[in-house]
Structure formats: C-alpha cells, structure tokens
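Peer 1: As input, take input-v2.txt (compact mmCIF, N, CA, C and O atoms):
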# COMPACT_ATOMS: atom_id res chain seq x y z
N MET H 14 -24.75 -12.54 22.37
CA MET H 14 -23.31 -12.58 22.57
C MET H 14 -22.66 -13.46 21.50
O MET H 14 -21.56 -13.18 21.08
N GLY H 15 -23.28 -14.52 21.07
CA GLY H 15 -22.71 -15.34 20.01
C GLY H 15 -21.74 -16.38 20.51
O GLY H 15 -21.41 -16.44 21.68
N VAL H 16 -21.25 -17.20 19.58
CA VAL H 16 -20.32 -18.28 19.95
C VAL H 16 -18.87 -17.84 19.91
O VAL H 16 -18.01 -18.54 20.42
N ALA H 17 -18.59 -16.71 19.33
CA ALA H 17 -17.21 -16.21 19.26
C ALA H 17 -17.21 -14.71 19.52
O ALA H 17 -16.95 -13.91 18.62
N PRO H 18 -17.47 -14.30 20.75
CA PRO H 18 -17.61 -12.87 21.03
C PRO H 18 -16.35 -12.04 20.79
O PRO H 18 -16.44 -10.84 20.59
N LYS H 19 -15.19 -12.67 20.73
CA LYS H 19 -13.95 -11.92 20.50
C LYS H 19 -13.49 -11.98 19.05
O LYS H 19 -12.46 -11.44 18.70
N ALA H 20 -14.28 -12.64 18.20
CA ALA H 20 -13.93 -12.74 16.78
C ALA H 20 -14.18 -11.41 16.09
O ALA H 20 -15.12 -10.69 16.40
N THR H 21 -13.33 -11.11 15.15
CA THR H 21 -13.49 -9.93 14.31
C THR H 21 -13.68 -10.40 12.88
O THR H 21 -12.92 -11.23 12.39
N LEU H 22 -14.71 -9.89 12.21
CA LEU H 22 -14.99 -10.26 10.84
C LEU H 22 -14.66 -9.12 9.90
O LEU H 22 -14.91 -7.96 10.22
N TYR H 23 -14.12 -9.45 8.75
CA TYR H 23 -13.80 -8.47 7.73
C TYR H 23 -14.52 -8.87 6.44
O TYR H 23 -14.58 -10.06 6.13
N ALA H 24 -15.01 -7.91 5.72
CA ALA H 24 -15.61 -8.18 4.41
C ALA H 24 -14.67 -7.61 3.36
O ALA H 24 -14.44 -6.40 3.30
N LEU H 25 -14.12 -8.47 2.56
CA LEU H 25 -13.19 -8.07 1.52
C LEU H 25 -13.76 -8.53 0.19
O LEU H 25 -13.85 -9.73 -0.07
N LYS H 26 -14.19 -7.60 -0.61
CA LYS H 26 -14.86 -7.93 -1.86
C LYS H 26 -13.88 -7.80 -3.03
O LYS H 26 -13.29 -6.75 -3.22
N VAL H 27 -13.74 -8.89 -3.80
CA VAL H 27 -12.83 -8.87 -4.94
C VAL H 27 -13.55 -9.06 -6.26
O VAL H 27 -12.93 -8.98 -7.32
N LEU H 28 -14.84 -9.34 -6.23
CA LEU H 28 -15.64 -9.49 -7.44
C LEU H 28 -16.70 -8.40 -7.50
O LEU H 28 -17.08 -7.84 -6.49
N THR H 29 -17.20 -8.15 -8.69
CA THR H 29 -18.28 -7.17 -8.85
C THR H 29 -19.59 -7.77 -8.34
O THR H 29 -19.67 -8.97 -8.06
N LYS H 30 -20.63 -6.95 -8.26
CA LYS H 30 -21.93 -7.47 -7.81
C LYS H 30 -22.49 -8.50 -8.78
O LYS H 30 -23.33 -9.32 -8.40
N GLU H 31 -22.02 -8.50 -10.01
CA GLU H 31 -22.43 -9.51 -10.99
C GLU H 31 -21.63 -10.80 -10.86
O GLU H 31 -21.89 -11.78 -11.54
N GLY H 32 -20.59 -10.80 -10.01
CA GLY H 32 -19.78 -11.99 -9.81
C GLY H 32 -18.59 -12.12 -10.73
O GLY H 32 -17.95 -13.16 -10.77
N SER H 33 -18.28 -11.07 -11.46
CA SER H 33 -17.11 -11.13 -12.34
C SER H 33 -15.94 -10.42 -11.68
O SER H 33 -16.11 -9.67 -10.73
N GLY H 34 -14.76 -10.68 -12.18
CA GLY H 34 -13.58 -10.05 -11.63
C GLY H 34 -12.36 -10.45 -12.42
O GLY H 34 -12.47 -11.05 -13.49
N ASN H 35 -11.20 -10.15 -11.88
CA ASN H 35 -9.98 -10.53 -12.57
C ASN H 35 -9.00 -11.15 -11.58
O ASN H 35 -9.12 -10.99 -10.37
N LEU H 36 -8.05 -11.87 -12.12
CA LEU H 36 -7.08 -12.59 -11.32
C LEU H 36 -6.29 -11.66 -10.41
O LEU H 36 -6.01 -11.99 -9.26
N PHE H 37 -5.94 -10.48 -10.90
CA PHE H 37 -5.15 -9.54 -10.09
C PHE H 37 -5.91 -9.13 -8.83
O PHE H 37 -5.35 -9.11 -7.75
N ALA H 38 -7.19 -8.82 -8.96
CA ALA H 38 -7.99 -8.40 -7.80
C ALA H 38 -8.12 -9.55 -6.80
O ALA H 38 -8.04 -9.33 -5.58
N ILE H 39 -8.32 -10.75 -7.30
CA ILE H 39 -8.43 -11.91 -6.41
C ILE H 39 -7.11 -12.14 -5.67
O ILE H 39 -7.09 -12.34 -4.45
N ALA H 40 -6.00 -12.08 -6.40
CA ALA H 40 -4.69 -12.26 -5.78
C ALA H 40 -4.42 -11.18 -4.74
O ALA H 40 -3.88 -11.47 -3.67
N GLN H 41 -4.78 -9.94 -5.03
CA GLN H 41 -4.61 -8.86 -4.06
C GLN H 41 -5.39 -9.13 -2.78
O GLN H 41 -4.90 -8.89 -1.68
N GLY H 42 -6.60 -9.63 -2.92
CA GLY H 42 -7.41 -9.96 -1.76
C GLY H 42 -6.79 -11.05 -0.92
O GLY H 42 -6.76 -10.98 0.31
N ILE H 43 -6.28 -12.08 -1.58
CA ILE H 43 -5.63 -13.17 -0.86
C ILE H 43 -4.38 -12.68 -0.15
O ILE H 43 -4.13 -13.01 1.02
N MET H 44 -3.59 -11.88 -0.83
CA MET H 44 -2.38 -11.31 -0.20
C MET H 44 -2.75 -10.45 1.01
O MET H 44 -2.05 -10.49 2.03
N TRP H 45 -3.84 -9.72 0.90
CA TRP H 45 -4.28 -8.87 2.02
C TRP H 45 -4.56 -9.72 3.25
O TRP H 45 -4.20 -9.34 4.36
N THR H 46 -5.18 -10.89 3.06
CA THR H 46 -5.47 -11.75 4.21
C THR H 46 -4.19 -12.16 4.92
O THR H 46 -4.12 -12.18 6.14
N ALA H 47 -3.17 -12.50 4.13
CA ALA H 47 -1.89 -12.93 4.70
C ALA H 47 -1.18 -11.77 5.40
O ALA H 47 -0.64 -11.93 6.49
N GLN H 48 -1.20 -10.62 4.79
CA GLN H 48 -0.46 -9.47 5.31
C GLN H 48 -1.14 -8.80 6.50
O GLN H 48 -0.52 -8.01 7.20
N ASN H 49 -2.40 -9.14 6.73
CA ASN H 49 -3.15 -8.51 7.83
C ASN H 49 -3.55 -9.50 8.91
O ASN H 49 -4.44 -9.21 9.71
N GLY H 50 -2.90 -10.65 8.94
CA GLY H 50 -3.07 -11.59 10.05
C GLY H 50 -4.42 -12.29 10.14
O GLY H 50 -4.84 -12.67 11.23
N MET H 51 -5.07 -12.49 9.01
CA MET H 51 -6.35 -13.20 9.04
C MET H 51 -6.11 -14.68 9.33
O MET H 51 -5.09 -15.24 8.94
N ASN H 52 -7.06 -15.30 10.03
CA ASN H 52 -6.97 -16.72 10.33
C ASN H 52 -7.72 -17.58 9.32
O ASN H 52 -7.28 -18.68 8.99
N VAL H 53 -8.86 -17.09 8.86
CA VAL H 53 -9.71 -17.84 7.93
C VAL H 53 -10.18 -16.90 6.83
O VAL H 53 -10.52 -15.74 7.09
N ALA H 54 -10.20 -17.41 5.60
CA ALA H 54 -10.71 -16.65 4.46
C ALA H 54 -11.69 -17.52 3.69
O ALA H 54 -11.37 -18.66 3.36
N ASN H 55 -12.87 -16.97 3.43
CA ASN H 55 -13.86 -17.66 2.62
C ASN H 55 -13.76 -17.16 1.19
O ASN H 55 -13.75 -15.97 0.95
N MET H 56 -13.68 -18.10 0.26
CA MET H 56 -13.59 -17.73 -1.15
C MET H 56 -14.82 -18.27 -1.87
O MET H 56 -14.86 -19.43 -2.25
N SER H 57 -15.82 -17.42 -2.02
CA SER H 57 -17.05 -17.80 -2.71
C SER H 57 -16.91 -17.46 -4.18
O SER H 57 -17.60 -16.59 -4.71
N LEU H 58 -15.98 -18.11 -4.83
CA LEU H 58 -15.72 -17.90 -6.24
C LEU H 58 -15.12 -19.18 -6.80
O LEU H 58 -14.72 -20.05 -6.05
N GLY H 59 -15.10 -19.28 -8.10
CA GLY H 59 -14.53 -20.49 -8.68
C GLY H 59 -14.26 -20.37 -10.16
O GLY H 59 -14.81 -19.50 -10.84
N ALA H 60 -13.42 -21.24 -10.64
CA ALA H 60 -13.06 -21.32 -12.06
C ALA H 60 -13.06 -22.79 -12.45
O ALA H 60 -12.80 -23.66 -11.63
N ALA H 61 -13.35 -23.05 -13.70
CA ALA H 61 -13.43 -24.43 -14.19
C ALA H 61 -12.06 -25.09 -14.30
O ALA H 61 -11.96 -26.31 -14.32
N GLN H 62 -11.01 -24.28 -14.35
CA GLN H 62 -9.66 -24.85 -14.48
C GLN H 62 -8.72 -24.25 -13.46
O GLN H 62 -8.95 -23.17 -12.96
N GLU H 63 -7.68 -25.00 -13.17
CA GLU H 63 -6.68 -24.55 -12.20
C GLU H 63 -5.90 -23.36 -12.74
O GLU H 63 -5.63 -23.28 -13.94
N ILE H 64 -5.55 -22.44 -11.85
CA ILE H 64 -4.76 -21.27 -12.21
C ILE H 64 -3.49 -21.31 -11.35
O ILE H 64 -3.54 -20.98 -10.16
N PRO H 65 -2.37 -21.75 -11.92
CA PRO H 65 -1.14 -21.92 -11.13
C PRO H 65 -0.73 -20.67 -10.33
O PRO H 65 -0.27 -20.79 -9.19
N TYR H 66 -0.89 -19.49 -10.90
CA TYR H 66 -0.53 -18.27 -10.18
C TYR H 66 -1.36 -18.14 -8.91
O TYR H 66 -0.85 -17.80 -7.84
N LEU H 67 -2.64 -18.41 -9.01
CA LEU H 67 -3.52 -18.33 -7.85
C LEU H 67 -3.12 -19.37 -6.80
O LEU H 67 -3.12 -19.07 -5.61
N ASP H 68 -2.73 -20.55 -7.25
CA ASP H 68 -2.24 -21.57 -6.31
C ASP H 68 -1.04 -21.05 -5.52
O ASP H 68 -0.95 -21.26 -4.31
N LYS H 69 -0.13 -20.37 -6.18
CA LYS H 69 1.07 -19.83 -5.51
C LYS H 69 0.71 -18.78 -4.48
O LYS H 69 1.28 -18.73 -3.39
N VAL H 70 -0.24 -17.93 -4.81
CA VAL H 70 -0.67 -16.88 -3.88
C VAL H 70 -1.36 -17.52 -2.67
O VAL H 70 -1.12 -17.12 -1.52
N ILE H 71 -2.18 -18.54 -2.91
CA ILE H 71 -2.83 -19.25 -1.81
C ILE H 71 -1.80 -19.97 -0.95
O ILE H 71 -1.90 -19.96 0.29
N GLU H 72 -0.80 -20.56 -1.55
CA GLU H 72 0.28 -21.21 -0.80
C GLU H 72 0.98 -20.20 0.11
O GLU H 72 1.28 -20.50 1.27
N TYR H 73 1.24 -19.01 -0.41
CA TYR H 73 1.87 -17.95 0.39
C TYR H 73 1.01 -17.61 1.60
O TYR H 73 1.50 -17.53 2.73
N ALA H 74 -0.28 -17.41 1.37
CA ALA H 74 -1.18 -17.03 2.46
C ALA H 74 -1.34 -18.18 3.46
O ALA H 74 -1.39 -17.94 4.67
N THR H 75 -1.39 -19.40 2.97
CA THR H 75 -1.49 -20.56 3.86
C THR H 75 -0.26 -20.65 4.75
O THR H 75 -0.37 -20.91 5.95
N ALA H 76 0.91 -20.41 4.18
CA ALA H 76 2.15 -20.41 4.97
C ALA H 76 2.15 -19.32 6.03
O ALA H 76 2.79 -19.46 7.06
N ALA H 77 1.40 -18.25 5.77
CA ALA H 77 1.29 -17.15 6.73
C ALA H 77 0.22 -17.43 7.79
O ALA H 77 -0.01 -16.61 8.66
N GLY H 78 -0.45 -18.59 7.69
CA GLY H 78 -1.41 -18.98 8.71
C GLY H 78 -2.87 -18.85 8.33
O GLY H 78 -3.75 -19.05 9.17
N VAL H 79 -3.17 -18.52 7.08
CA VAL H 79 -4.56 -18.37 6.65
C VAL H 79 -5.11 -19.73 6.26
O VAL H 79 -4.46 -20.48 5.51
N THR H 80 -6.29 -20.06 6.76
CA THR H 80 -7.01 -21.26 6.36
C THR H 80 -8.09 -20.84 5.38
O THR H 80 -8.84 -19.90 5.65
N PHE H 81 -8.18 -21.53 4.25
CA PHE H 81 -9.15 -21.17 3.22
C PHE H 81 -10.33 -22.12 3.20
O PHE H 81 -10.17 -23.33 3.34
N VAL H 82 -11.50 -21.54 3.02
CA VAL H 82 -12.73 -22.28 2.76
C VAL H 82 -13.18 -21.81 1.39
O VAL H 82 -13.37 -20.61 1.17
N ALA H 83 -13.31 -22.73 0.44
CA ALA H 83 -13.59 -22.33 -0.94
C ALA H 83 -14.85 -23.00 -1.47
O ALA H 83 -15.13 -24.15 -1.16
N ALA H 84 -15.58 -22.25 -2.29
CA ALA H 84 -16.78 -22.77 -2.93
C ALA H 84 -16.41 -23.87 -3.92
O ALA H 84 -15.43 -23.77 -4.63
N ALA H 85 -17.23 -24.92 -3.96
CA ALA H 85 -16.96 -26.05 -4.84
C ALA H 85 -17.64 -25.92 -6.19
O ALA H 85 -17.31 -26.62 -7.12
N GLY H 86 -18.59 -25.02 -6.31
CA GLY H 86 -19.37 -24.88 -7.55
C GLY H 86 -20.69 -25.61 -7.41
O GLY H 86 -20.84 -26.50 -6.58
N ASP H 87 -21.64 -25.24 -8.23
CA ASP H 87 -22.97 -25.84 -8.09
C ASP H 87 -23.60 -26.16 -9.45
O ASP H 87 -24.80 -26.06 -9.63
N ASP H 88 -22.77 -26.58 -10.38
CA ASP H 88 -23.32 -26.90 -11.70
C ASP H 88 -23.53 -28.40 -11.90
O ASP H 88 -23.82 -28.85 -13.00
N GLY H 89 -23.38 -29.18 -10.84
CA GLY H 89 -23.59 -30.62 -10.93
C GLY H 89 -22.41 -31.38 -11.50
O GLY H 89 -22.49 -32.59 -11.67
N GLY H 90 -21.33 -30.70 -11.77
CA GLY H 90 -20.15 -31.35 -12.35
C GLY H 90 -19.03 -31.48 -11.35
O GLY H 90 -19.24 -31.62 -10.15
N ALA H 91 -17.84 -31.40 -11.86
CA ALA H 91 -16.63 -31.52 -11.03
C ALA H 91 -16.49 -30.32 -10.09
O ALA H 91 -17.05 -29.26 -10.32
N VAL H 92 -15.72 -30.51 -9.05
CA VAL H 92 -15.42 -29.43 -8.11
C VAL H 92 -14.57 -28.39 -8.82
O VAL H 92 -13.62 -28.73 -9.52
N HIS H 93 -14.90 -27.13 -8.65
CA HIS H 93 -14.19 -26.04 -9.31
C HIS H 93 -12.97 -25.61 -8.50
O HIS H 93 -12.81 -25.97 -7.34
N TYR H 94 -12.11 -24.84 -9.13
CA TYR H 94 -10.92 -24.28 -8.48
C TYR H 94 -11.27 -22.91 -7.91
O TYR H 94 -12.09 -22.22 -8.49
N PRO H 95 -10.72 -22.53 -6.81
CA PRO H 95 -9.60 -23.15 -6.10
C PRO H 95 -9.98 -24.26 -5.13
O PRO H 95 -9.10 -24.86 -4.53
N ALA H 96 -11.27 -24.58 -4.96
CA ALA H 96 -11.64 -25.65 -4.04
C ALA H 96 -11.01 -26.98 -4.42
O ALA H 96 -10.65 -27.78 -3.55
N ALA H 97 -10.83 -27.25 -5.70
CA ALA H 97 -10.25 -28.51 -6.16
C ALA H 97 -8.73 -28.54 -6.05
O ALA H 97 -8.11 -29.58 -6.20
N SER H 98 -8.14 -27.41 -5.76
CA SER H 98 -6.68 -27.33 -5.68
C SER H 98 -6.18 -27.94 -4.39
O SER H 98 -6.81 -27.81 -3.33
N PRO H 99 -5.03 -28.60 -4.41
CA PRO H 99 -4.47 -29.15 -3.17
C PRO H 99 -4.02 -28.06 -2.19
O PRO H 99 -3.76 -28.34 -1.04
N THR H 100 -3.96 -26.80 -2.65
CA THR H 100 -3.53 -25.72 -1.76
C THR H 100 -4.63 -25.21 -0.85
O THR H 100 -4.36 -24.48 0.09
N THR H 101 -5.90 -25.55 -1.13
CA THR H 101 -7.00 -25.06 -0.29
C THR H 101 -7.56 -26.15 0.57
O THR H 101 -7.41 -27.31 0.33
Go ahead and render the structure in this file as structure tokens.
Peer 2:
Amino acid sequence: MGVAPKATLYALKVLTKEGSGNLFAIAQGIMWTAQNGMNVANMSLGAAQEIPYLDKVIEYATAAGVTFVAAAGDDGGAVHYPAASPTT
C-alpha cells in the first residue's frame, strides 16, 4: 500500500538519455508542473552557472504552489544551479 496511497506520480522527461537538453525544454517542463497542479517537482539536472530565465520560470511555478527538489551536483565543487538558486 505504501506511505502515500493517494499520491499520483508523473514522469516528465526534459533531457535526453545522455543527459543533454536545452533551456526551452526545461522551461516547458517547469511550466507544465505549474499549469497541471503539481505539488512537488524533482529536478535531477544542473548547470555550473545561474540562468536568470530559468529562475523566473521556477519563481512562476513556485508561486503556483510547486515545491522544487533540485540536484546539487556531484563533482566535489560548488553547488550547481538551479539548486544553488534562491528560487529553489
């Protein structure tokens, strides 16, 4: 039965199987979460630098009630974006 039997999970893929993608596809995915009433979105992706446009899209989705969980990166260095952004 699980710990959340009434939870519904969605898989929304915005990157290729190799892990590459583009800003437009990522933004579309984030917008989809906001427009479809998602409560939580996991973002297993990252960039070495902040992307202001992506911050704005995340702000929009957060205002719509989406909580983001973002990957921090695993190269032993600084936390990557969007996890390092104040919007996530």
Peer 1: Using only C-alpha atoms, which residue out of H:Ala76, H:Ala17, H:Met56, H:Ile71 lies closest to H:Met44?
Peer 2: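 Of the candidates, the smallest distance to H:Met44 is held by H:Ile71.
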Peer 1: Point out the residue among H:Ala60, H:Ile39, H:Val79, H:Val70 with the least atom-to-atom distance to H:His93, counting all atoms listed in the file.
Peer 2: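 Closest to H:His93, using all atoms listed in the file: H:Ala60.
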Peer 1: Could you tell me how far atom CA of H:Gly89 lies from atom CA of H:Leu67, in Å and to one decimal?
Peer 2: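 Separation between atom CA of H:Gly89 and atom CA of H:Leu67: 23.7 Å.
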Peer 1: Determine which residues of stretch 16-78 of chain H DSSP labels as alpha helix (DSSP H) from the backbone of this structure, then write them out as a list in words.
Peer 2: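 Alpha helix (DSSP H) assignments inside stretch 16-78 of chain H correspond to Leu36, Phe37, Ala38, Ile39, Ala40, Gln41, Gly42, Ile43, Met44, Trp45, Thr46, Ala47, Gln48, Pro65, Tyr66, Leu67, Asp68, Lys69, Val70, Ile71, Glu72, Tyr73, Ala74, Thr75 and Ala76 of chain H.
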Peer 1: Which residues, written as a list in words, have at least one atom at most 10 Å from H:Ala85, with only C-alpha atoms counted and residues fewer than 6 positions away on the same chain left out?
Peer 2: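 Residues near the query, excluding close chain neighbours: Met56, Ser57, Leu58, Gly59, Ala60, Ala91, Val92, His93, Tyr94, Pro95, Ala96 and Ala97 of chain H.
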Peer 1: So which one's closest to H:Val53, H:Ala38, H:Ala74, H:Leu28, H:Val16? Using only C-alpha atoms, please.
Peer 2: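 That would be H:Ala74, the residue with the smallest distance to H:Val53.
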Peer 1: Return the single residue from H:Gly90, H:Ala47, H:Asn55, H:Gly15 that is closest to H:Tyr73, with distances computed using only N, CA, C and O atoms.
Peer 2: H:Ala47
Peer 1: Determine the nearest neighbour of H:Asn52 from the options H:Lys26, H:Ala20, H:Asp68, H:Leu36, counting only C-alpha atoms.
Peer 2: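 Between H:Lys26, H:Ala20, H:Asp68, H:Leu36, the residue approaching H:Asn52 most closely is H:Ala20.
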Peer 1: So what do you get for atom O of H:Lys69 versus atom O of H:Ala40, distance-wise?
Peer 2: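 Computing the Euclidean distance for atom O of H:Lys69 and atom O of H:Ala40 yields 8.9 Å.
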Peer 1: Using all atoms listed in the file, find the one residue out of H:Asn49, H:Ala54, H:Ala24, H:Pro65 that sits nearest to H:Ala84.
Peer 2: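 Under the stated criterion, the closest residue is H:Ala54.
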Peer 1: So the first atom is atom CA of H:Tyr66 and the second is atom N of H:Gly50; what is the distance between them in Å, to one decimal place?
Peer 2: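 Separation between atom CA of H:Tyr66 and atom N of H:Gly50: 20.7 Å.
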Peer 1: Could you pull out the residues in stretch 21-94 of chain H that DSSP calls strand (DSSP E) from the backbone, as a PyMOL selection string?
Peer 2: chain H and resi 53-56+80-83
Peer 1: Got a sec to write stretch 65-76 of chain H of the block to a file, all heavy atoms, as a PDB file, in the first residue's frame?
Peer 2:
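Done, and the output landed in result-v9.pdb:
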ATOM      1  N   PRO H  65      19.195  33.277 -15.361  1.00  0.00           N
ATOM      2  CA  PRO H  65      18.101  34.131 -14.885  1.00  0.00           C
ATOM      3  C   PRO H  65      16.727  33.754 -15.453  1.00  0.00           C
ATOM      4  O   PRO H  65      15.728  33.802 -14.732  1.00  0.00           O
ATOM      5  CB  PRO H  65      18.528  35.532 -15.316  1.00  0.00           C
ATOM      6  CG  PRO H  65      20.019  35.464 -15.333  1.00  0.00           C
ATOM      7  CD  PRO H  65      20.325  34.074 -15.839  1.00  0.00           C
ATOM      8  N   TYR H  66      16.655  33.377 -16.720  1.00  0.00           N
ATOM      9  CA  TYR H  66      15.371  32.985 -17.300  1.00  0.00           C
ATOM     10  C   TYR H  66      14.790  31.784 -16.563  1.00  0.00           C
ATOM     11  O   TYR H  66      13.600  31.741 -16.252  1.00  0.00           O
ATOM     12  CB  TYR H  66      15.543  32.683 -18.793  1.00  0.00           C
ATOM     13  CG  TYR H  66      14.309  32.101 -19.435  1.00  0.00           C
ATOM     14  CD1 TYR H  66      13.182  32.884 -19.631  1.00  0.00           C
ATOM     15  CD2 TYR H  66      14.265  30.769 -19.836  1.00  0.00           C
ATOM     16  CE1 TYR H  66      12.043  32.365 -20.208  1.00  0.00           C
ATOM     17  CE2 TYR H  66      13.132  30.244 -20.415  1.00  0.00           C
ATOM     18  CZ  TYR H  66      12.021  31.037 -20.597  1.00  0.00           C
ATOM     19  OH  TYR H  66      10.890  30.509 -21.165  1.00  0.00           O
ATOM     20  N   LEU H  67      15.627  30.816 -16.268  1.00  0.00           N
ATOM     21  CA  LEU H  67      15.174  29.630 -15.555  1.00  0.00           C
ATOM     22  C   LEU H  67      14.706  30.004 -14.147  1.00  0.00           C
ATOM     23  O   LEU H  67      13.695  29.479 -13.671  1.00  0.00           O
ATOM     24  CB  LEU H  67      16.298  28.593 -15.499  1.00  0.00           C
ATOM     25  CG  LEU H  67      15.908  27.196 -15.079  1.00  0.00           C
ATOM     26  CD1 LEU H  67      14.853  26.604 -15.994  1.00  0.00           C
ATOM     27  CD2 LEU H  67      17.136  26.298 -15.067  1.00  0.00           C
ATOM     28  N   ASP H  68      15.405  30.930 -13.504  1.00  0.00           N
ATOM     29  CA  ASP H  68      14.964  31.408 -12.193  1.00  0.00           C
ATOM     30  C   ASP H  68      13.551  31.976 -12.264  1.00  0.00           C
ATOM     31  O   ASP H  68      12.725  31.721 -11.389  1.00  0.00           O
ATOM     32  CB  ASP H  68      15.907  32.487 -11.656  1.00  0.00           C
ATOM     33  CG  ASP H  68      17.217  31.936 -11.131  1.00  0.00           C
ATOM     34  OD1 ASP H  68      17.307  30.718 -10.876  1.00  0.00           O
ATOM     35  OD2 ASP H  68      18.152  32.737 -10.968  1.00  0.00           O
ATOM     36  N   LYS H  69      13.260  32.744 -13.299  1.00  0.00           N
ATOM     37  CA  LYS H  69      11.926  33.353 -13.452  1.00  0.00           C
ATOM     38  C   LYS H  69      10.852  32.294 -13.644  1.00  0.00           C
ATOM     39  O   LYS H  69       9.757  32.399 -13.091  1.00  0.00           O
ATOM     40  CB  LYS H  69      11.901  34.340 -14.629  1.00  0.00           C
ATOM     41  CG  LYS H  69      12.735  35.560 -14.392  1.00  0.00           C
ATOM     42  CD  LYS H  69      12.154  36.391 -13.280  1.00  0.00           C
ATOM     43  CE  LYS H  69      12.960  37.646 -13.072  1.00  0.00           C
ATOM     44  NZ  LYS H  69      12.631  38.312 -11.830  1.00  0.00           N
ATOM     45  N   VAL H  70      11.157  31.274 -14.419  1.00  0.00           N
ATOM     46  CA  VAL H  70      10.189  30.196 -14.653  1.00  0.00           C
ATOM     47  C   VAL H  70       9.949  29.431 -13.350  1.00  0.00           C
ATOM     48  O   VAL H  70       8.805  29.091 -13.015  1.00  0.00           O
ATOM     49  CB  VAL H  70      10.666  29.264 -15.779  1.00  0.00           C
ATOM     50  CG1 VAL H  70       9.748  28.082 -15.946  1.00  0.00           C
ATOM     51  CG2 VAL H  70      10.780  30.032 -17.093  1.00  0.00           C
ATOM     52  N   ILE H  71      11.012  29.177 -12.600  1.00  0.00           N
ATOM     53  CA  ILE H  71      10.869  28.493 -11.309  1.00  0.00           C
ATOM     54  C   ILE H  71      10.079  29.357 -10.332  1.00  0.00           C
ATOM     55  O   ILE H  71       9.221  28.845  -9.595  1.00  0.00           O
ATOM     56  CB  ILE H  71      12.249  28.103 -10.744  1.00  0.00           C
ATOM     57  CG1 ILE H  71      12.887  27.021 -11.618  1.00  0.00           C
ATOM     58  CG2 ILE H  71      12.131  27.624  -9.301  1.00  0.00           C
ATOM     59  CD1 ILE H  71      14.339  26.735 -11.305  1.00  0.00           C
ATOM     60  N   GLU H  72      10.306  30.651 -10.327  1.00  0.00           N
ATOM     61  CA  GLU H  72       9.536  31.565  -9.476  1.00  0.00           C
ATOM     62  C   GLU H  72       8.050  31.480  -9.812  1.00  0.00           C
ATOM     63  O   GLU H  72       7.206  31.462  -8.916  1.00  0.00           O
ATOM     64  CB  GLU H  72      10.025  32.999  -9.636  1.00  0.00           C
ATOM     65  CG  GLU H  72      11.338  33.286  -8.972  1.00  0.00           C
ATOM     66  CD  GLU H  72      11.841  34.704  -9.244  1.00  0.00           C
ATOM     67  OE1 GLU H  72      11.045  35.577  -9.645  1.00  0.00           O
ATOM     68  OE2 GLU H  72      13.048  34.928  -9.064  1.00  0.00           O
ATOM     69  N   TYR H  73       7.732  31.450 -11.102  1.00  0.00           N
ATOM     70  CA  TYR H  73       6.337  31.333 -11.539  1.00  0.00           C
ATOM     71  C   TYR H  73       5.715  30.048 -10.992  1.00  0.00           C
ATOM     72  O   TYR H  73       4.612  30.055 -10.437  1.00  0.00           O
ATOM     73  CB  TYR H  73       6.260  31.362 -13.069  1.00  0.00           C
ATOM     74  CG  TYR H  73       4.924  30.939 -13.609  1.00  0.00           C
ATOM     75  CD1 TYR H  73       3.852  31.822 -13.636  1.00  0.00           C
ATOM     76  CD2 TYR H  73       4.723  29.645 -14.090  1.00  0.00           C
ATOM     77  CE1 TYR H  73       2.609  31.430 -14.124  1.00  0.00           C
ATOM     78  CE2 TYR H  73       3.490  29.241 -14.582  1.00  0.00           C
ATOM     79  CZ  TYR H  73       2.441  30.140 -14.594  1.00  0.00           C
ATOM     80  OH  TYR H  73       1.220  29.743 -15.061  1.00  0.00           O
ATOM     81  N   ALA H  74       6.423  28.934 -11.161  1.00  0.00           N
ATOM     82  CA  ALA H  74       5.892  27.648 -10.716  1.00  0.00           C
ATOM     83  C   ALA H  74       5.785  27.592  -9.190  1.00  0.00           C
ATOM     84  O   ALA H  74       4.812  27.047  -8.656  1.00  0.00           O
ATOM     85  CB  ALA H  74       6.765  26.512 -11.237  1.00  0.00           C
ATOM     86  N   THR H  75       6.750  28.167  -8.500  1.00  0.00           N
ATOM     87  CA  THR H  75       6.700  28.198  -7.041  1.00  0.00           C
ATOM     88  C   THR H  75       5.489  28.991  -6.570  1.00  0.00           C
ATOM     89  O   THR H  75       4.792  28.585  -5.638  1.00  0.00           O
ATOM     90  CB  THR H  75       8.001  28.803  -6.471  1.00  0.00           C
ATOM     91  OG1 THR H  75       9.103  27.994  -6.901  1.00  0.00           O
ATOM     92  CG2 THR H  75       7.987  28.844  -4.959  1.00  0.00           C
ATOM     93  N   ALA H  76       5.216  30.112  -7.221  1.00  0.00           N
ATOM     94  CA  ALA H  76       4.039  30.916  -6.884  1.00  0.00           C
ATOM     95  C   ALA H  76       2.746  30.145  -7.127  1.00  0.00           C
ATOM     96  O   ALA H  76       1.742  30.395  -6.471  1.00  0.00           O
ATOM     97  CB  ALA H  76       4.041  32.222  -7.676  1.00  0.00           C
TER      98      ALA H  76
END
